[in-house]
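Student: For reference, this is input.cif, and it has mmCIF, C-alpha atoms.
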```
data_model
#
loop_
_atom_site.label_atom_id
_atom_site.label_comp_id
_atom_site.auth_asym_id
_atom_site.auth_seq_id
_atom_site.Cartn_x
_atom_site.Cartn_y
_atom_site.Cartn_z
CA MET T 1 0.00 0.00 0.00
CA GLY T 2 1.29 3.46 -0.85
CA GLU T 3 1.97 6.35 1.48
CA SER T 4 -1.02 7.45 3.57
CA VAL T 5 -2.95 10.64 2.82
CA ALA T 6 -1.65 12.12 6.09
CA GLY T 7 1.90 11.28 5.08
CA ARG T 8 1.44 13.04 1.76
CA LEU T 9 0.01 16.11 3.48
CA PHE T 10 2.97 16.19 5.85
CA SER T 11 5.36 15.89 2.92
CA VAL T 12 3.77 18.98 1.34
CA LEU T 13 4.37 20.93 4.55
CA ASP T 14 7.90 19.54 4.80
CA ALA T 15 8.61 21.03 1.38
CA PHE T 16 8.68 24.46 3.05
CA GLU T 17 11.34 23.46 5.56
CA GLY T 18 15.07 24.03 5.25
CA GLY T 19 17.05 26.24 2.91
CA GLY T 20 15.80 27.95 -0.17
CA PRO T 21 12.72 30.08 -0.73
CA VAL T 22 9.82 29.78 1.68
CA ALA T 23 7.37 30.70 -1.12
CA LEU T 24 6.95 27.85 -3.58
CA ARG T 25 5.14 27.28 -6.82
CA LEU T 26 3.11 24.12 -7.32
CA THR T 27 5.85 22.70 -9.54
CA ASP T 28 8.38 23.28 -6.75
CA ILE T 29 6.17 21.46 -4.24
CA ALA T 30 5.68 18.52 -6.60
CA ALA T 31 9.44 18.31 -7.21
CA ARG T 32 10.34 18.48 -3.51
CA THR T 33 7.75 15.89 -2.47
CA GLY T 34 8.03 13.55 -5.45
CA LEU T 35 4.24 13.63 -5.79
CA PRO T 36 2.51 13.76 -9.18
CA ALA T 37 1.42 17.30 -9.99
CA PRO T 38 -2.35 16.50 -9.84
CA THR T 39 -1.92 14.91 -6.38
CA ALA T 40 0.17 17.84 -5.16
CA LEU T 41 -2.45 20.29 -6.44
CA ARG T 42 -5.28 18.45 -4.64
CA LEU T 43 -3.37 18.40 -1.34
CA VAL T 44 -2.31 22.03 -1.67
CA ARG T 45 -5.91 23.08 -2.27
CA GLU T 46 -7.02 21.18 0.85
CA LEU T 47 -4.31 22.89 2.91
CA VAL T 48 -5.29 26.31 1.54
CA ALA T 49 -8.94 25.69 2.41
CA TRP T 50 -7.94 24.66 5.95
CA GLY T 51 -5.61 27.63 6.40
CA GLY T 52 -2.34 25.73 6.50
CA LEU T 53 -1.12 27.33 3.26
CA GLU T 54 -1.78 30.68 1.63
CA ARG T 55 -1.64 31.43 -2.09
CA GLY T 56 -0.09 34.78 -2.89
CA ALA T 57 -0.92 37.13 -5.72
CA ASP T 58 2.16 35.84 -7.53
CA GLY T 59 0.76 32.28 -7.56
CA ARG T 60 3.25 30.96 -5.00
CA TYR T 61 2.33 29.27 -1.74
CA ARG T 62 3.48 30.06 1.80
CA LEU T 63 2.72 28.63 5.22
CA GLY T 64 -0.63 29.96 6.43
CA LEU T 65 -1.77 31.76 9.53
CA ARG T 66 -3.39 28.66 10.99
CA LEU T 67 -0.06 26.84 11.06
CA ARG T 68 1.63 29.87 12.57
CA VAL T 69 -0.86 29.81 15.43
CA LEU T 70 -0.52 26.07 15.99
CA GLY T 71 3.21 25.92 15.57
CA ALA T 72 4.29 29.25 17.03
CA ALA T 73 7.48 28.57 15.09
CA ALA T 74 9.14 31.90 15.74
CA PRO T 75 10.25 32.96 19.22
CA CYS T 76 7.36 35.39 19.47
CA PRO T 77 5.47 35.69 22.77
CA ARG T 78 2.13 33.95 22.39
CA GLY T 79 0.21 36.93 23.76
CA LEU T 80 1.75 39.16 21.11
CA LEU T 81 0.86 36.74 18.33
CA ASP T 82 -2.72 36.48 19.57
CA ALA T 83 -2.97 40.26 19.64
CA ALA T 84 -1.60 40.56 16.10
CA LEU T 85 -3.64 37.87 14.33
CA PRO T 86 -6.71 40.02 13.49
CA ALA T 87 -4.44 42.72 12.05
CA LEU T 88 -2.45 40.14 10.06
CA ARG T 89 -5.60 38.66 8.55
CA ALA T 90 -6.98 42.09 7.65
CA LEU T 91 -3.67 43.22 6.16
CA GLY T 92 -3.36 40.14 3.99
CA ALA T 93 -6.93 40.50 2.77
CA ARG T 94 -6.58 44.22 2.09
CA THR T 95 -3.31 44.04 0.15
CA GLY T 96 -3.36 40.54 -1.34
CA GLY T 97 0.16 40.06 -0.01
CA HIS T 98 1.77 37.84 2.61
CA ALA T 99 1.32 39.51 6.01
CA ASP T 100 3.64 38.59 8.85
CA LEU T 101 4.96 39.56 12.26
CA ALA T 102 8.67 39.63 13.07
CA VAL T 103 10.97 39.82 16.07
CA LEU T 104 14.74 39.86 16.27
CA SER T 105 16.22 36.53 17.22
CA ALA T 106 19.65 35.50 18.50
CA PRO T 107 22.48 37.57 17.02
CA SER T 108 24.52 36.17 14.17
CA ALA T 109 27.07 37.47 11.72
CA ASP T 110 24.22 38.74 9.55
CA GLY T 111 21.70 39.64 12.23
CA VAL T 112 18.74 37.27 12.31
CA LEU T 113 15.13 38.21 11.86
CA CYS T 114 12.44 35.67 12.75
CA LEU T 115 9.01 35.79 11.18
CA VAL T 116 5.96 34.22 12.78
CA SER T 117 5.75 32.00 9.70
CA GLY T 118 8.98 30.39 10.87
CA GLU T 119 11.28 31.85 8.23
CA ARG T 120 14.61 33.23 9.44
CA LEU T 121 15.93 36.13 7.41
CA PRO T 122 18.91 38.47 7.47
CA ALA T 123 17.57 41.53 9.25
CA HIS T 124 19.26 44.14 7.06
CA ALA T 125 17.61 42.94 3.84
CA THR T 126 13.89 43.25 4.70
CA ALA T 127 11.53 46.01 5.81
CA TYR T 128 10.74 44.01 8.96
CA GLY T 129 14.39 43.91 9.90
CA LYS T 130 15.02 47.58 9.15
CA VAL T 131 12.16 48.53 11.49
CA LEU T 132 13.70 46.49 14.29
CA LEU T 133 17.31 47.45 13.61
CA ALA T 134 16.28 51.11 13.68
CA VAL T 135 15.56 50.77 17.41
CA THR T 136 18.37 48.33 18.21
CA PRO T 137 21.63 49.96 19.30
CA ALA T 138 23.90 47.02 18.44
CA GLU T 139 25.65 47.17 15.08
CA LEU T 140 25.85 44.17 12.76
CA PRO T 141 29.44 43.06 12.15
CA ARG T 142 28.90 42.46 8.44
CA HIS T 143 26.21 42.43 5.81
CA THR T 144 25.67 39.92 3.02
CA ARG T 145 24.46 40.90 -0.45
CA HIS T 146 21.43 38.81 -1.46
CA THR T 147 20.49 40.63 -4.67
CA ARG T 148 22.00 43.50 -6.61
CA HIS T 149 19.67 45.81 -4.65
CA THR T 150 20.77 44.76 -1.15
CA VAL T 151 22.16 47.69 0.84
CA VAL T 152 25.44 46.54 2.40
CA SER T 153 27.28 49.84 2.93
CA PRO T 154 27.21 50.68 6.67
CA GLY T 155 26.78 54.36 5.84
CA LEU T 156 23.84 53.80 3.49
CA LEU T 157 22.21 51.37 5.90
CA ALA T 158 22.59 53.84 8.77
CA GLY T 159 20.89 56.47 6.63
CA GLN T 160 18.03 54.10 5.85
CA LEU T 161 17.54 53.28 9.52
CA ALA T 162 17.48 56.96 10.44
CA ARG T 163 14.71 57.55 7.89
CA VAL T 164 12.80 54.53 9.22
CA ARG T 165 12.98 55.93 12.76
CA GLU T 166 11.66 59.26 11.53
CA ALA T 167 8.92 57.89 9.29
CA GLY T 168 7.84 54.91 11.39
CA LEU T 169 7.76 52.83 8.20
CA ALA T 170 10.23 50.79 6.15
CA VAL T 171 10.02 49.84 2.48
CA CYS T 172 12.50 47.30 1.14
CA ALA T 173 12.47 46.72 -2.62
CA GLU T 174 14.01 43.47 -3.87
CA GLU T 175 16.83 43.52 -1.31
CA PHE T 176 16.26 39.91 -0.26
CA ARG T 177 14.44 38.41 -3.23
CA LEU T 178 13.93 39.77 -6.72
CA GLY T 179 10.30 40.41 -7.51
CA GLU T 180 9.32 41.13 -3.89
CA VAL T 181 8.82 44.33 -1.92
CA SER T 182 8.30 44.28 1.84
CA VAL T 183 6.67 47.09 3.81
CA ALA T 184 6.66 47.11 7.63
CA ALA T 185 5.87 49.32 10.60
CA PRO T 186 6.71 49.04 14.30
CA VAL T 187 4.36 47.42 16.79
CA ARG T 188 4.80 49.48 19.94
CA GLY T 189 4.09 48.48 23.51
CA PRO T 190 4.50 50.26 26.84
CA LEU T 191 8.28 49.82 26.70
CA GLY T 192 8.77 50.69 23.04
CA THR T 193 8.91 48.68 19.80
CA VAL T 194 8.31 44.97 20.43
CA ALA T 195 7.88 43.66 16.87
CA ALA T 196 7.45 44.65 13.24
CA LEU T 197 4.22 44.02 11.35
CA GLY T 198 4.20 44.12 7.59
CA VAL T 199 3.45 42.53 4.27
CA THR T 200 5.35 41.27 1.23
CA VAL T 201 3.88 42.06 -2.19
CA PRO T 202 5.08 41.58 -5.77
CA THR T 203 7.22 44.32 -7.29
CA GLY T 204 5.09 46.80 -9.18
CA VAL T 205 2.16 46.90 -6.74
CA PRO T 206 1.27 50.53 -5.91
CA LEU T 207 2.78 51.08 -2.47
CA ASP T 208 0.78 54.06 -1.17
CA ARG T 209 -2.22 51.87 -0.38
CA VAL T 210 0.00 49.09 0.98
CA ALA T 211 1.87 51.51 3.26
CA ALA T 212 -1.38 52.94 4.62
CA ALA T 213 -2.67 49.43 5.33
CA VAL T 214 0.56 48.46 7.10
CA ARG T 215 0.49 51.58 9.30
CA ALA T 216 -3.13 50.94 10.21
CA GLY T 217 -2.44 47.27 10.96
CA ALA T 218 0.51 48.02 13.24
CA LEU T 219 -1.51 50.61 15.17
CA ARG T 220 -4.29 48.07 15.60
CA VAL T 221 -2.09 45.66 17.56
CA ARG T 222 -2.20 46.09 21.33
CA PRO T 223 0.71 44.10 22.80
CA PRO T 224 0.12 42.50 26.19
CA GLU T 225 1.43 44.30 29.24
CA PRO T 226 4.84 43.02 30.34
CA SER T 227 4.78 40.67 33.31
CA PRO T 228 5.95 42.22 36.59
CA ALA T 229 9.49 41.25 37.58
#
```
Would you write the structure of this file as structure tokens?

Tutor:
Amino acid sequence: MGESVAGRLFSVLDAFEGGGPVALRLTDIAARTGLPAPTALRLVRELVAWGGLERGADGRYRLGLRLRVLGAAAPCPRGLLDAALPALRALGARTGGHADLAVLSAPSADGVLCLVSGERLPAHATAYGKVLLAVTPAELPRHTRHTRHTVVSPGLLAGQLARVREAGLAVCAEEFRLGEVSVAAPVRGPLGTVAALGVTVPTGVPLDRVAAAVRAGALRVRPPEPSPA
């Protein structure tokens, strides 16, 4: 007897694990799982209907909000994630992009940004990371170029972060992946910025409406009060 239906579903989710892009086309999923394309399509559609996957405007699939809630893959306080979920859902629906929440994780040579979806990114190459780095005093020891648009000059990056602090918004165009623009704003609690909320959309999408939606979403989040010492 062949692999169970549950096993095939798990293999589809496993396709999003490890290195490489976290947004996959159906052909990528079929190749990574070894499933026939029609079978992969049926399972992907079931996962989308359940909320385990989301289909972006570019036709690629990402892990969905329901899995983020169940897995809590990123080191994000559960109360903060609960508070942000309505804003994330509304932001995704309003922009058609992939909405996410991010916190800074353990330091590394590149600076590590963790998204609620579980993806770990270099902080300097996304709008989420620029929002958080703008309020983080520590300097990154080096910066890696991911595309021809990645800002790696310490002086240029410092200028970007200063503008982010002033504007309360970061826009990062194709610095991590070609064809993607991320827009993020700070989520502020009683003690300052606790996370970055934003969305990733395809290059070419008008950003005025996206930026307004991101600002509104970040303001909508009410982080839980910190526990007394």

Student: Hey, what comes out of the PyMOL selection byres ((chain T and resi 57) around 10) on this file? Could you write it as a list of chain:residue names?

Tutor: T:Glu54, T:Arg55, T:Gly56, T:Asp58, T:Gly59, T:Arg60, T:Tyr61, T:Thr95, T:Gly96, T:Gly97, T:His98, T:Val201, T:Pro202

Student: So that I can check the surroundings of stretch 170-186 of chain T, please list as a VMD selection string every protein, DNA and RNA residue that reaches within 7 Å of it, counting all atoms listed in the file and ignoring chain neighbours fewer than 5 positions away.

Tutor: chain T and resid 125 to 128 130 to 131 146 to 147 149 to 150 164 193 195 to 203 211 214 to 215 218

Student: Give me, please, the distance in Å between atom CA of T:Arg188 and atom CA of T:Pro223, quoted to one decimal.

Tutor: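 It comes out at 7.3 Å.
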
Student: Separation of atom CA of T:Ala93 and atom CA of T:Leu9, in Å?

Tutor: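 Calculated distance between atom CA of T:Ala93 and atom CA of T:Leu9 is 25.4 Å.
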
Student: How far is it from atom CA of T:Gly64 to atom CA of T:Leu47, in Å with one decimal?

Tutor: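 Going from atom CA of T:Gly64 over to atom CA of T:Leu47, I get 8.7 Å.
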
Student: Counting only C-alpha atoms, what is within 12 Å of T:Ser153, bar same-chain residues fewer than 3 positions away, as an MDAnalysis selection string?

Tutor: chainID T and resid 124:125 140:145 149:150 156:160

Student: What do you get, as a PyMOL selection string, if you spell out every residue that the PyMOL selection byres ((chain T and resi 50) around 12) selects here?

Tutor: chain T and resi 9+43-49+51-54+63-67

Student: Output the selection as an mmCIF file, in the coordinates of the input - C-alpha atoms for each residue.

Tutor:
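Once everything was written out, this is part23.cif:
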```cif
data_model
loop_
_atom_site.group_PDB
_atom_site.id
_atom_site.type_symbol
_atom_site.label_atom_id
_atom_site.label_comp_id
_atom_site.auth_asym_id
_atom_site.auth_seq_id
_atom_site.Cartn_x
_atom_site.Cartn_y
_atom_site.Cartn_z
ATOM 1 C CA LEU T 9 0.010 16.110 3.480
ATOM 2 C CA LEU T 43 -3.370 18.400 -1.340
ATOM 3 C CA VAL T 44 -2.310 22.030 -1.670
ATOM 4 C CA ARG T 45 -5.910 23.080 -2.270
ATOM 5 C CA GLU T 46 -7.020 21.180 0.850
ATOM 6 C CA LEU T 47 -4.310 22.890 2.910
ATOM 7 C CA VAL T 48 -5.290 26.310 1.540
ATOM 8 C CA ALA T 49 -8.940 25.690 2.410
ATOM 9 C CA GLY T 51 -5.610 27.630 6.400
ATOM 10 C CA GLY T 52 -2.340 25.730 6.500
ATOM 11 C CA LEU T 53 -1.120 27.330 3.260
ATOM 12 C CA GLU T 54 -1.780 30.680 1.630
ATOM 13 C CA LEU T 63 2.720 28.630 5.220
ATOM 14 C CA GLY T 64 -0.630 29.960 6.430
ATOM 15 C CA LEU T 65 -1.770 31.760 9.530
ATOM 16 C CA ARG T 66 -3.390 28.660 10.990
ATOM 17 C CA LEU T 67 -0.060 26.840 11.060
#
```

Student: Just checking: using all atoms listed in the file, which residue out of T:Leu41, T:Val210, T:Ala102, T:Leu81 ends up closest to T:Leu121?

Tutor: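 Of the candidates, the smallest distance to T:Leu121 is held by T:Ala102.
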
Student: Looking at only C-alpha atoms, which of T:Ala6, T:Val12, T:Val103, T:Ala84 is the one that sits closest to T:Leu219?

Tutor: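 Ranking T:Ala6, T:Val12, T:Val103, T:Ala84 by distance to T:Leu219, first place goes to T:Ala84.
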
Student: Which residues are close to T:Phe10, i.e. within 10 Å by only C-alpha atoms, leaving aside same-chain residues fewer than 5 positions away? Reply as a PyMOL selection string.

Tutor: chain T and resi 4-5+15+33+43

Student: Residues picked by the PyMOL selection byres ((chain T and resi 29) around 10) here, as a PyMOL selection string?

Tutor: chain T and resi 11-16+23-28+30-37+40-41+44+60-61
